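J.: Below you'll find the structure I mean.
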Amino acid sequence: MKDKSHDPNQMTGAAMIVRALIDHGVQHLFGYPGGAVLPIYDEIFQQSEVEHILVRHEQGAGHAAEGYARSTGKPGVVLVTSGPGATNMVTALTDALMDSIPLVCITGQVPTHLIGNDAFQECDTVGITRPCTKHNWLVRNVNDLAKVLHEAFYVATSGRPGPVVVDVPKDVQFAVGTYHPPRKSDVHISYSPRVKGEAAQIRKAVALLASAKRPVIYSGGGVINSGPEASRLLREFAEVTGFPITSTLMGLGAYPASGKNWLGMLGMHGTYEANMTMHDCDVMLCVGARFDDRITGRIDAFSPGSKKIHIDIDPSSINKNIRVDVPIIGDAGNVLGDLLQVFKAEAKRPDIKAWWQQIAQWRARNSLSYRKNNDIILPQYAIQRLFELTRGKDTYITTEVGQHQMWAAQFYGFEEPHRWMTSGGLGTMGYGLPAAVGVQVAHPDSLVIDIAGDASVQMTIQEMSTAVQYELPIKIFILNNQYMGMVRQWQQLLHGNRLSHSYTEALPDFVKLAEAYGGVGLQVIKPADLDGAIKEMIAIKRPVLFDCRVAALENCFPMIPSGKAHNEMLLPEEATDEATATAFAGGKALV
Amino acid sequence: MNQPASAYFLEERHDPNETHTLSVLVQNEPGVLARVIGLFSGRGYNIESLTVSETESQKHLSRITIVTTGTPMVIEQIKHQLDRMIPVYRVVDMTLTGRSIERELAMVKVRGTGDHRVEALRLADAFRARVIDATTESFVFEITGNTAKINQFIDLMRPLGLVEVSRTGVAAIGRGPEGM
Ligand SMILES: Cc1ncc(C[n+]2csc(CCOP(=O)(O)OP(=O)(O)O)c2C)c(N)n1
Ligand SMILES: [Mg+2]
């Protein structure tokens with residue numbers, strides 16, 4: 001055997017992990033140490049290429065990495081210890097799986113010979129994370145580590161992106177083996193996602209689109225995931241065809257909110273015009289969205305008269321909930337490029353003037369209207385002011401989950417992709433604050449705002465400490481209605497206004513809380529003071545908790561009620577107590 | 001609409017169910033069977049029968065045969081969900097190809113004396129089941145065939161002193177010269 005002591009590729013497993021991160025261009029790593037990852041932390045200590053951000057809870061590391069990934073298009077990387085470190089990551093992994101966010105999570109594991117013995121801080125990490133990752137690995141041999149790490153990056157970022165876990169026992173971190181840089185053969189040959197759409201299907205789609213009288217484009221997070229070029233092509237496609245366009249929660253920003261074909265978001269709390277357009281259209285082009293239940297409402301009444309084209313990189317998204325007529329499997333950007341080319345070459349833009357006139361009538365219903373109030377701040381107004389006062393700035397928005405999230409989606413106009421991070425599929429309260437930490441790490445000079453709720457923000461408030469430590473000037477804009485507003489709304493509409501445990505008796509003093517963490521606290525109660533306070537918040541170059549006291553009992557409208565179709569939305573001006581009760585009347589008697 | 005108060009659409013669709021046999025070629029690596037089974041339990045799909053064994057040891061390939069039931073849309077979903085798993089090479093719907101042979105092996109223990117014993121032997125002969133163990137008061141029969149044939153044989157043995165059955169589950173292969 002030849003002497004390997006001078007071979008630079010001979011190193012410990014722990015060193016391989018750091019080396020692989022560097023080889024994949026990783027600049028930031030979110031993590032939390034513990035016994036089973038100490039050798040890796042020791043390697044991190046002895047280098048300066050990868051910066052480690054110490055969070056306060058592993059879930060925070062996961063969401064920070066998600067925010068980082070979504071705002072940069074690069075994978076988010078996480079390092080946590082075995083047992084509780086790994087189980088604390090489960091929420092973030094599931095969140096990333098649902099929203100197709102590329103994450104590479106490295107977990108420490110007890111030494112190989114102790115696996116299965118109920119050792120201290122042992123858990124079956126690959127078993128627990130199997131259903132909440134795109135793929136995961138337990139590495140038992142140090143000589144497999146390089147291959148697995150490279151494969152992990154490839155799997156997380158290619159095809160439909162998603163989270164992966166690499167579980168590395170402590171003895172494997174100490175063991176010496178051979179490293180190799182990334183190479184093609186690292187990846188399972190059974191894994192080869194399809195990127196290019198089938199030409200025949202694209203032709204069929206173009207023929208259908210060219211014959212449309214009442215078309216609509218329905219785009220989703222897949223367009224964002226595909227990269228900036230996909231958004232550019234989507235914009236061009238809307239321009240060339242003249243078609244109206246709506247988007248899911250996850251897809252906001254792919255087409256600009258100020259664009260002339262924009263209908264607003266669709267779905268349960270989408271605009272009236274978006275949902276009516278979806279319901280009455282004759283040709284629907286779905287790009288990178290997945291017909292989930294918050295979008296479709298009642299399945300058997302979903303857009304009954306339309307022919308549907310569905311572009312998705314994941315074949316399992318096609319025909320899952322809704323039967324489509326022309327499926328195209330491929331990357332959103334790639335297929336949009338081909339579609340556009342064929343459309344320009346072979347089709348003529350159909351005349352849809354009458355359709356736009358119809359849409360204008362729906363739009364005139366003004367489904368996002370709310371009554372003005374000079375005494376209390378309405379949450380919708382607060383978002384509108386936040387939007388106006390940050391317009392034109394280099395701004396990123398994250399959210400928590402609840403009414404404030406929906407109002408943010410309705411009233412904050414997104415002009416660019418990658419600027420909007422929210423937990424769509426899983427609906428994870430506590431996502432927004434750590435996500436803002438991750439976004440700010442990636443974009444240190446930008447304005448990063450978490451539009452938060454008073455209940456959600458308390459789920460991961462400890463990451464204020466991370467923000468202070470790393471001087472990340474994130475702004476936590478809390479729409480404080482003193483309720484779990486979305487829960488209260490459902491209880492009011494669906495459960496006889498019995499407000500079971502949706503009121504928080506003992507909210508913290510957010511101003512003092514901010515100060516306790518070493519940040520800045522602001523509070524606003526009067527509408528007249530709002531603008532000044534927002535400007536002050538923007539000017540402060542430190543983490544801010546902004547306690548915006550808003551109307552407690554405001555409901556989020558419009559809304560598609562229980563088991564109803566898109567054309568049965570409840571609009572704000574119609575939502576009198578009586579109309580609401582009728583719309584939501586189900587098997588249970590409502591008061 | 002007579003559904004309970006919920007913003008979900010709670011009514012289920014009731015398309016008729018179909019039974020399909022799927023052949024799944026996978027990389028034989030730790031956890032691969034757990035992934036497949038977890039997919040079925042996690043997404044609420046049915047498993048009527050599942051067999052697995054390494055089929056090409058040099059290439060570390062295993063072949064899983066799954067018999068499942070569901071609406072046509074669910075069956076399509078199952079195939080796509082299997083296909084997108086990283087260690088899965090190929091998924092073939094043997095039922096759709098219409099050219100597959102399906103076999104199962106069962107060992108059937110029957111206890112009895114006198115007329116019952118004679119009748120059991122006579123039926124076993126008719127079904128081409130072999131006797132692989134015998135005592136003065138029992139037989140173990142080995143029978144291969146498709147699921148229906150085996151079910152029928154077991155039903156016939158029941159009144160004749162059926163004690164227990166061990167079945168392999170279904171293995172399937174396509175007719176003709178081509179592989180999957
Ligand atoms: C981790 C988690 N637990 C529970 C829920 C259910 N849930 C959805 S919205 C909501 C209330 C959120 O309240 P708040 O953050 O104050 O926002 P608001 O609706 O008042 O704007 C709850 C409890 C959830 N989405 N996530
Ligand atoms: Mg609230």
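FYI, nothing fancy with the structure tokens labels: chains A, B, ... in order, residues from 1 per chain, ligands from 1 as they appear.
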Given a cut-off of 8 Å, what residues near ligand 1 show up using only C-alpha atoms and all ligand atoms, put as a list in words?

T.: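 Going residue by residue within 8 Å of ligand 1, we get Glu400, Val401, Gly402, Gln403, His404, Gln405, Leu426, Gly427, Thr428, Met429, Gly430, Ala452, Gly453, Asp454, Ala455, Ser456, Val457, Met459, Leu479, Asn480, Asn481, Gln482, Tyr483, Met484, Gly485, Met486, Val487, Arg488 and Ser502 of chain A.
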
J.: His80 in chain B: which residues within 10 Å, counting only C-alpha atoms, same-chain residues fewer than 4 positions away excluded, as number ranges by chain?

T.: A: 314-318, 320; B: 74-76, 84-85, 91

J.: Restrict the selected residues to all heavy atoms and save them as an mmCIF file, in the first residue's frame.

T.:
data_model
loop_
_atom_site.group_PDB
_atom_site.id
_atom_site.type_symbol
_atom_site.label_atom_id
_atom_site.label_comp_id
_atom_site.auth_asym_id
_atom_site.auth_seq_id
_atom_site.Cartn_x
_atom_site.Cartn_y
_atom_site.Cartn_z
ATOM 1 N N ASP A 314 -42.333 18.096 -11.120
ATOM 2 C CA ASP A 314 -42.606 16.885 -10.346
ATOM 3 C C ASP A 314 -43.823 16.174 -10.933
ATOM 4 O O ASP A 314 -44.947 16.657 -10.787
ATOM 5 C CB ASP A 314 -42.861 17.277 -8.888
ATOM 6 C CG ASP A 314 -43.179 16.075 -8.019
ATOM 7 O OD1 ASP A 314 -43.213 14.944 -8.546
ATOM 8 O OD2 ASP A 314 -43.380 16.264 -6.807
ATOM 9 N N PRO A 315 -43.608 15.026 -11.586
ATOM 10 C CA PRO A 315 -44.750 14.332 -12.215
ATOM 11 C C PRO A 315 -45.850 13.999 -11.205
ATOM 12 O O PRO A 315 -47.011 13.902 -11.587
ATOM 13 C CB PRO A 315 -44.133 13.049 -12.767
ATOM 14 C CG PRO A 315 -42.670 13.298 -12.838
ATOM 15 C CD PRO A 315 -42.344 14.314 -11.784
ATOM 16 N N SER A 316 -45.489 13.858 -9.932
ATOM 17 C CA SER A 316 -46.517 13.484 -8.953
ATOM 18 C C SER A 316 -47.430 14.661 -8.611
ATOM 19 O O SER A 316 -48.439 14.478 -7.946
ATOM 20 C CB SER A 316 -45.884 12.902 -7.696
ATOM 21 O OG SER A 316 -45.345 13.924 -6.889
ATOM 22 N N SER A 317 -47.078 15.869 -9.042
ATOM 23 C CA SER A 317 -47.983 17.006 -8.832
ATOM 24 C C SER A 317 -49.091 17.023 -9.871
ATOM 25 O O SER A 317 -50.099 17.695 -9.690
ATOM 26 C CB SER A 317 -47.219 18.327 -8.928
ATOM 27 O OG SER A 317 -46.408 18.489 -7.798
ATOM 28 N N ILE A 318 -48.862 16.313 -10.954
ATOM 29 C CA ILE A 318 -49.817 16.365 -12.066
ATOM 30 C C ILE A 318 -50.924 15.342 -11.863
ATOM 31 O O ILE A 318 -50.660 14.204 -11.486
ATOM 32 C CB ILE A 318 -49.064 16.187 -13.401
ATOM 33 C CG1 ILE A 318 -48.292 17.485 -13.683
ATOM 34 C CG2 ILE A 318 -50.022 15.867 -14.547
ATOM 35 C CD1 ILE A 318 -47.321 17.436 -14.805
ATOM 36 N N LYS A 320 -52.925 15.129 -9.463
ATOM 37 C CA LYS A 320 -53.056 14.697 -8.068
ATOM 38 C C LYS A 320 -54.424 15.096 -7.527
ATOM 39 O O LYS A 320 -55.132 14.275 -6.963
ATOM 40 C CB LYS A 320 -51.947 15.310 -7.215
ATOM 41 C CG LYS A 320 -52.029 14.883 -5.759
ATOM 42 C CD LYS A 320 -50.747 15.173 -4.997
ATOM 43 C CE LYS A 320 -50.456 16.666 -4.946
ATOM 44 N NZ LYS A 320 -49.203 16.960 -4.244
ATOM 45 N N VAL B 74 -55.601 7.678 -7.948
ATOM 46 C CA VAL B 74 -54.713 7.310 -6.838
ATOM 47 C C VAL B 74 -53.614 6.374 -7.327
ATOM 48 O O VAL B 74 -52.440 6.535 -6.979
ATOM 49 C CB VAL B 74 -55.508 6.675 -5.670
ATOM 50 C CG1 VAL B 74 -54.576 6.016 -4.669
ATOM 51 C CG2 VAL B 74 -56.357 7.735 -4.981
ATOM 52 N N ILE B 75 -53.979 5.425 -8.185
ATOM 53 C CA ILE B 75 -52.968 4.501 -8.729
ATOM 54 C C ILE B 75 -51.899 5.288 -9.489
ATOM 55 O O ILE B 75 -50.698 5.042 -9.342
ATOM 56 C CB ILE B 75 -53.623 3.452 -9.663
ATOM 57 C CG1 ILE B 75 -54.713 2.684 -8.927
ATOM 58 C CG2 ILE B 75 -52.580 2.552 -10.315
ATOM 59 C CD1 ILE B 75 -54.336 1.396 -8.292
ATOM 60 N N GLU B 76 -52.330 6.276 -10.259
ATOM 61 C CA GLU B 76 -51.375 7.093 -11.008
ATOM 62 C C GLU B 76 -50.452 7.838 -10.036
ATOM 63 O O GLU B 76 -49.240 7.917 -10.229
ATOM 64 C CB GLU B 76 -52.148 8.084 -11.892
ATOM 65 C CG GLU B 76 -51.255 8.829 -12.871
ATOM 66 C CD GLU B 76 -52.023 9.855 -13.708
ATOM 67 O OE1 GLU B 76 -53.225 9.640 -13.982
ATOM 68 O OE2 GLU B 76 -51.406 10.880 -14.063
ATOM 69 N N ARG B 84 -40.474 9.031 -8.014
ATOM 70 C CA ARG B 84 -39.643 10.186 -7.683
ATOM 71 C C ARG B 84 -38.738 9.925 -6.489
ATOM 72 O O ARG B 84 -37.939 10.782 -6.116
ATOM 73 C CB ARG B 84 -40.500 11.422 -7.467
ATOM 74 C CG ARG B 84 -41.252 11.451 -6.168
ATOM 75 C CD ARG B 84 -41.928 12.808 -6.023
ATOM 76 N NE ARG B 84 -42.616 12.910 -4.766
ATOM 77 C CZ ARG B 84 -42.866 14.064 -4.154
ATOM 78 N NH1 ARG B 84 -42.499 15.186 -4.708
ATOM 79 N NH2 ARG B 84 -43.498 14.076 -3.017
ATOM 80 N N MET B 85 -38.844 8.736 -5.876
ATOM 81 C CA MET B 85 -37.933 8.434 -4.777
ATOM 82 C C MET B 85 -36.538 8.209 -5.352
ATOM 83 O O MET B 85 -36.375 7.603 -6.407
ATOM 84 C CB MET B 85 -38.412 7.187 -4.017
ATOM 85 C CG MET B 85 -39.774 7.437 -3.365
ATOM 86 S SD MET B 85 -40.507 5.986 -2.653
ATOM 87 C CE MET B 85 -39.592 5.866 -1.256
ATOM 88 N N VAL B 91 -40.641 2.052 -12.324
ATOM 89 C CA VAL B 91 -41.906 1.546 -11.819
ATOM 90 C C VAL B 91 -42.707 1.096 -13.042
ATOM 91 O O VAL B 91 -42.890 1.868 -13.973
ATOM 92 C CB VAL B 91 -42.691 2.647 -11.083
ATOM 93 C CG1 VAL B 91 -44.007 2.099 -10.555
ATOM 94 C CG2 VAL B 91 -41.856 3.232 -9.958
#

J.: Would you give me, as a ChimeraX atom specification, the residues of chain B that come within 12 Å of chain A, using only C-alpha atoms?

T.: /B:1-14,24-43,59,61,71-91

J.: Can you list, as a ChimeraX atom specification, all residues belonging to range 374-565 of chain A that DSSP tags as strand (DSSP E)?

T.: /A:395-399,420-421,447-453,475-480,520-524,544-549

J.: If DSSP is run on the backbone, what residues of range 169-325 of chain A are helix (DSSP H, G or I)? A reply as a ChimeraX atom specification would be ideal.

T.: /A:170-174,184-186,199-210,221-225,228-241,272-280,293-296,299-301,315-317
